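Only one structure is covered here, and it is reproduced in the block below.
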Amino acid sequence: MSRILLVVIVLVATAGAVVAYGDPERIASAGNMISQMLHPKAAPKPRVVQIERGQSGDFTLRAKVNGVSAPMVIDTGATSVVLTYETAKAAGLPLEVLDFNVDVETAGGHTKAARLSLDSLAIGKLEERSVPALVVPRGQMKTNLLGMSFLDRLERWEVSADRLRLHGYP
């Protein structure tokens, strides 16, 4: 009831300003103020994804690479997102034109990788576009790595006990 009374008072004051001043800018400003009072905007919901630590001690998840579901392991020691050849093929990446000329060290040893950019990489509510990534040749890695080229785009990420929380910008 008090909100309705407040709106009526503001409307009367606006009408008085129109009559008294006839200033179009003040009229527009008063109208905007009334609109904001009647329809307040909700604060944006935080975009947070929580991942439980697996039995192996790693944080594993399912991501969408260009819309294709793929298993990944969070690797803060990896400079970039790194995809297996098989995941890259499933995601429709142009493997036939890639140049495997980037030296990388993997758990399996030294190999070459190819640079590319992912159209999209999504983890739950978090989606990033044009994410730099590497692809390794067939059979060089068993899993995809979610490295810093994705994690650096987040507002923050934190580990607490056995949970990793990824916080996207609102």
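Letters A, B, ... go to the chains of the structure tokens in the order shown; residues in each chain start at 1; ligands are counted from 1 in the same order.
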
Go through segment 16-168 of chain A and collect every residue that DSSP, computed from the backbone, puts in helix (DSSP H, G or I); the answer should be as an MDAnalysis selection string. chainID A and resid 16:21 24:38 85:90 95:97 148:151

I want to know what sits within 8 Å of Phe100 of chain A, based on only C-alpha atoms, with residues of the same chain fewer than 5 positions away left out; could you give that as a ChimeraX atom specification? /A:112-115,136-137

Just the selected residues (N, CA and C atoms), exported as a short mmCIF file (atom, residue, chain, number, x, y, z; two decimals), in the first residue's frame, please.
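Output file again_38.cif is given in full below:
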data_model
loop_
_atom_site.label_atom_id
_atom_site.label_comp_id
_atom_site.auth_asym_id
_atom_site.auth_seq_id
_atom_site.Cartn_x
_atom_site.Cartn_y
_atom_site.Cartn_z
N LYS A 112 54.49 -32.95 -30.04
CA LYS A 112 54.17 -31.71 -30.76
C LYS A 112 52.66 -31.53 -30.70
N ALA A 113 52.22 -30.28 -30.74
CA ALA A 113 50.79 -29.97 -30.72
C ALA A 113 50.51 -28.89 -31.76
N ALA A 114 49.25 -28.72 -32.06
CA ALA A 114 48.82 -27.69 -33.01
C ALA A 114 47.97 -26.66 -32.29
N ARG A 115 48.18 -25.38 -32.62
CA ARG A 115 47.38 -24.29 -32.04
C ARG A 115 46.10 -24.11 -32.83
N VAL A 136 46.79 -32.38 -29.58
CA VAL A 136 47.93 -33.28 -29.71
C VAL A 136 47.60 -34.38 -30.73
N PRO A 137 48.62 -34.96 -31.35
CA PRO A 137 48.38 -36.03 -32.32
C PRO A 137 47.69 -37.24 -31.68
#

Interatomic distance between atom CA of Pro132 of chain A and atom CA of Leu116 of chain A?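 It comes out at 6.0 Å.
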
I'd like to know which residues of segment 46-167 of chain A are strand (DSSP E) (by DSSP, run on the backbone); could you write them as a ChimeraX atom specification? /A:47-52,60-65,68-74,81-83,100-106,109-123,126-135,144-146,156-160,163-167

Name the residues in contact with Arg129 of chain A at a cut-off of 12 Å, using only C-alpha atoms, excluding same-chain residues fewer than 4 positions from it; report them as an mmCIF file with all heavy atoms, in the first residue's frame.
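Listed below is the output, result-v5.cif:
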data_model
loop_
_atom_site.group_PDB
_atom_site.id
_atom_site.type_symbol
_atom_site.label_atom_id
_atom_site.label_comp_id
_atom_site.auth_asym_id
_atom_site.auth_seq_id
_atom_site.Cartn_x
_atom_site.Cartn_y
_atom_site.Cartn_z
ATOM 1 N N LYS A 64 31.647 -28.906 -22.816
ATOM 2 C CA LYS A 64 31.144 -28.921 -24.195
ATOM 3 C C LYS A 64 32.119 -28.119 -25.041
ATOM 4 O O LYS A 64 32.294 -26.923 -24.832
ATOM 5 C CB LYS A 64 29.744 -28.332 -24.277
ATOM 6 C CG LYS A 64 28.725 -29.244 -23.650
ATOM 7 C CD LYS A 64 27.368 -29.041 -24.262
ATOM 8 C CE LYS A 64 26.445 -30.054 -23.624
ATOM 9 N NZ LYS A 64 25.548 -30.645 -24.526
ATOM 10 N N VAL A 65 32.756 -28.814 -25.965
ATOM 11 C CA VAL A 65 33.696 -28.196 -26.891
ATOM 12 C C VAL A 65 32.965 -28.025 -28.216
ATOM 13 O O VAL A 65 32.609 -29.019 -28.855
ATOM 14 C CB VAL A 65 34.958 -29.070 -27.074
ATOM 15 C CG1 VAL A 65 35.903 -28.451 -28.083
ATOM 16 C CG2 VAL A 65 35.648 -29.301 -25.735
ATOM 17 N N ASN A 66 32.706 -26.787 -28.584
ATOM 18 C CA ASN A 66 31.911 -26.507 -29.795
ATOM 19 C C ASN A 66 30.603 -27.296 -29.781
ATOM 20 O O ASN A 66 30.154 -27.805 -30.798
ATOM 21 C CB ASN A 66 32.705 -26.797 -31.064
ATOM 22 C CG ASN A 66 33.865 -25.843 -31.252
ATOM 23 O OD1 ASN A 66 34.021 -24.884 -30.526
ATOM 24 N ND2 ASN A 66 34.697 -26.115 -32.237
ATOM 25 N N GLY A 67 30.024 -27.442 -28.593
ATOM 26 C CA GLY A 67 28.743 -28.124 -28.445
ATOM 27 C C GLY A 67 28.822 -29.623 -28.251
ATOM 28 O O GLY A 67 27.811 -30.282 -28.039
ATOM 29 N N SER A 117 41.786 -22.194 -32.184
ATOM 30 C CA SER A 117 40.861 -21.465 -31.319
ATOM 31 C C SER A 117 39.527 -22.200 -31.332
ATOM 32 O O SER A 117 39.008 -22.516 -32.408
ATOM 33 C CB SER A 117 40.693 -20.033 -31.829
ATOM 34 O OG SER A 117 39.838 -19.313 -30.997
ATOM 35 N N LEU A 118 38.989 -22.452 -30.145
ATOM 36 C CA LEU A 118 37.693 -23.122 -30.032
ATOM 37 C C LEU A 118 36.590 -22.080 -30.151
ATOM 38 O O LEU A 118 36.647 -21.033 -29.502
ATOM 39 C CB LEU A 118 37.587 -23.843 -28.693
ATOM 40 C CG LEU A 118 38.698 -24.845 -28.380
ATOM 41 C CD1 LEU A 118 38.519 -25.401 -26.970
ATOM 42 C CD2 LEU A 118 38.724 -25.952 -29.404
ATOM 43 N N ASP A 119 35.586 -22.367 -30.959
ATOM 44 C CA ASP A 119 34.457 -21.444 -31.070
ATOM 45 C C ASP A 119 33.820 -21.238 -29.710
ATOM 46 O O ASP A 119 33.517 -20.120 -29.321
ATOM 47 C CB ASP A 119 33.405 -21.960 -32.062
ATOM 48 C CG ASP A 119 33.901 -21.927 -33.486
ATOM 49 O OD1 ASP A 119 34.815 -21.144 -33.785
ATOM 50 O OD2 ASP A 119 33.361 -22.693 -34.305
ATOM 51 N N SER A 120 33.610 -22.337 -28.973
ATOM 52 C CA SER A 120 33.047 -22.220 -27.628
ATOM 53 C C SER A 120 33.532 -23.368 -26.751
ATOM 54 O O SER A 120 33.772 -24.471 -27.229
ATOM 55 C CB SER A 120 31.516 -22.204 -27.670
ATOM 56 O OG SER A 120 31.022 -23.467 -28.003
ATOM 57 N N LEU A 121 33.662 -23.048 -25.485
ATOM 58 C CA LEU A 121 34.005 -24.039 -24.469
ATOM 59 C C LEU A 121 33.107 -23.736 -23.279
ATOM 60 O O LEU A 121 33.156 -22.633 -22.716
ATOM 61 C CB LEU A 121 35.476 -23.949 -24.083
ATOM 62 C CG LEU A 121 35.954 -24.907 -22.997
ATOM 63 C CD1 LEU A 121 35.645 -26.361 -23.340
ATOM 64 C CD2 LEU A 121 37.441 -24.749 -22.758
ATOM 65 N N ALA A 122 32.249 -24.699 -22.927
ATOM 66 C CA ALA A 122 31.277 -24.481 -21.857
ATOM 67 C C ALA A 122 31.421 -25.538 -20.775
ATOM 68 O O ALA A 122 31.600 -26.718 -21.062
ATOM 69 C CB ALA A 122 29.857 -24.511 -22.424
ATOM 70 N N ILE A 123 31.329 -25.049 -19.536
ATOM 71 C CA ILE A 123 31.296 -25.915 -18.364
ATOM 72 C C ILE A 123 30.095 -25.457 -17.556
ATOM 73 O O ILE A 123 30.144 -24.395 -16.927
ATOM 74 C CB ILE A 123 32.588 -25.797 -17.547
ATOM 75 C CG1 ILE A 123 33.756 -26.260 -18.400
ATOM 76 C CG2 ILE A 123 32.496 -26.620 -16.271
ATOM 77 C CD1 ILE A 123 35.070 -25.763 -17.922
ATOM 78 N N ALA A 133 43.542 -22.967 -27.760
ATOM 79 C CA ALA A 133 43.717 -24.360 -27.340
ATOM 80 C C ALA A 133 44.816 -25.006 -28.175
ATOM 81 O O ALA A 133 45.261 -24.459 -29.193
ATOM 82 C CB ALA A 133 42.409 -25.129 -27.511
ATOM 83 N N SER A 149 44.193 -21.134 -20.336
ATOM 84 C CA SER A 149 43.579 -20.297 -21.379
ATOM 85 C C SER A 149 42.067 -20.188 -21.181
ATOM 86 O O SER A 149 41.441 -19.247 -21.676
ATOM 87 C CB SER A 149 43.908 -20.811 -22.781
ATOM 88 O OG SER A 149 43.392 -22.104 -23.004
ATOM 89 N N PHE A 150 41.468 -21.100 -20.430
ATOM 90 C CA PHE A 150 40.069 -20.985 -20.024
ATOM 91 C C PHE A 150 39.968 -20.388 -18.620
ATOM 92 O O PHE A 150 39.212 -19.448 -18.387
ATOM 93 C CB PHE A 150 39.372 -22.345 -20.055
ATOM 94 C CG PHE A 150 37.924 -22.278 -19.618
ATOM 95 C CD1 PHE A 150 36.920 -21.983 -20.523
ATOM 96 C CD2 PHE A 150 37.560 -22.508 -18.292
ATOM 97 C CE1 PHE A 150 35.588 -21.905 -20.126
ATOM 98 C CE2 PHE A 150 36.235 -22.434 -17.882
ATOM 99 C CZ PHE A 150 35.246 -22.132 -18.813
ATOM 100 N N ARG A 153 40.036 -16.636 -17.828
ATOM 101 C CA ARG A 153 38.895 -15.821 -18.253
ATOM 102 C C ARG A 153 37.819 -15.711 -17.173
ATOM 103 O O ARG A 153 36.870 -14.967 -17.322
ATOM 104 C CB ARG A 153 38.274 -16.416 -19.508
ATOM 105 C CG ARG A 153 39.198 -16.301 -20.702
ATOM 106 C CD ARG A 153 38.571 -16.964 -21.882
ATOM 107 N NE ARG A 153 39.375 -16.739 -23.067
ATOM 108 C CZ ARG A 153 38.874 -16.552 -24.262
ATOM 109 N NH1 ARG A 153 37.569 -16.568 -24.452
ATOM 110 N NH2 ARG A 153 39.660 -16.358 -25.290
#
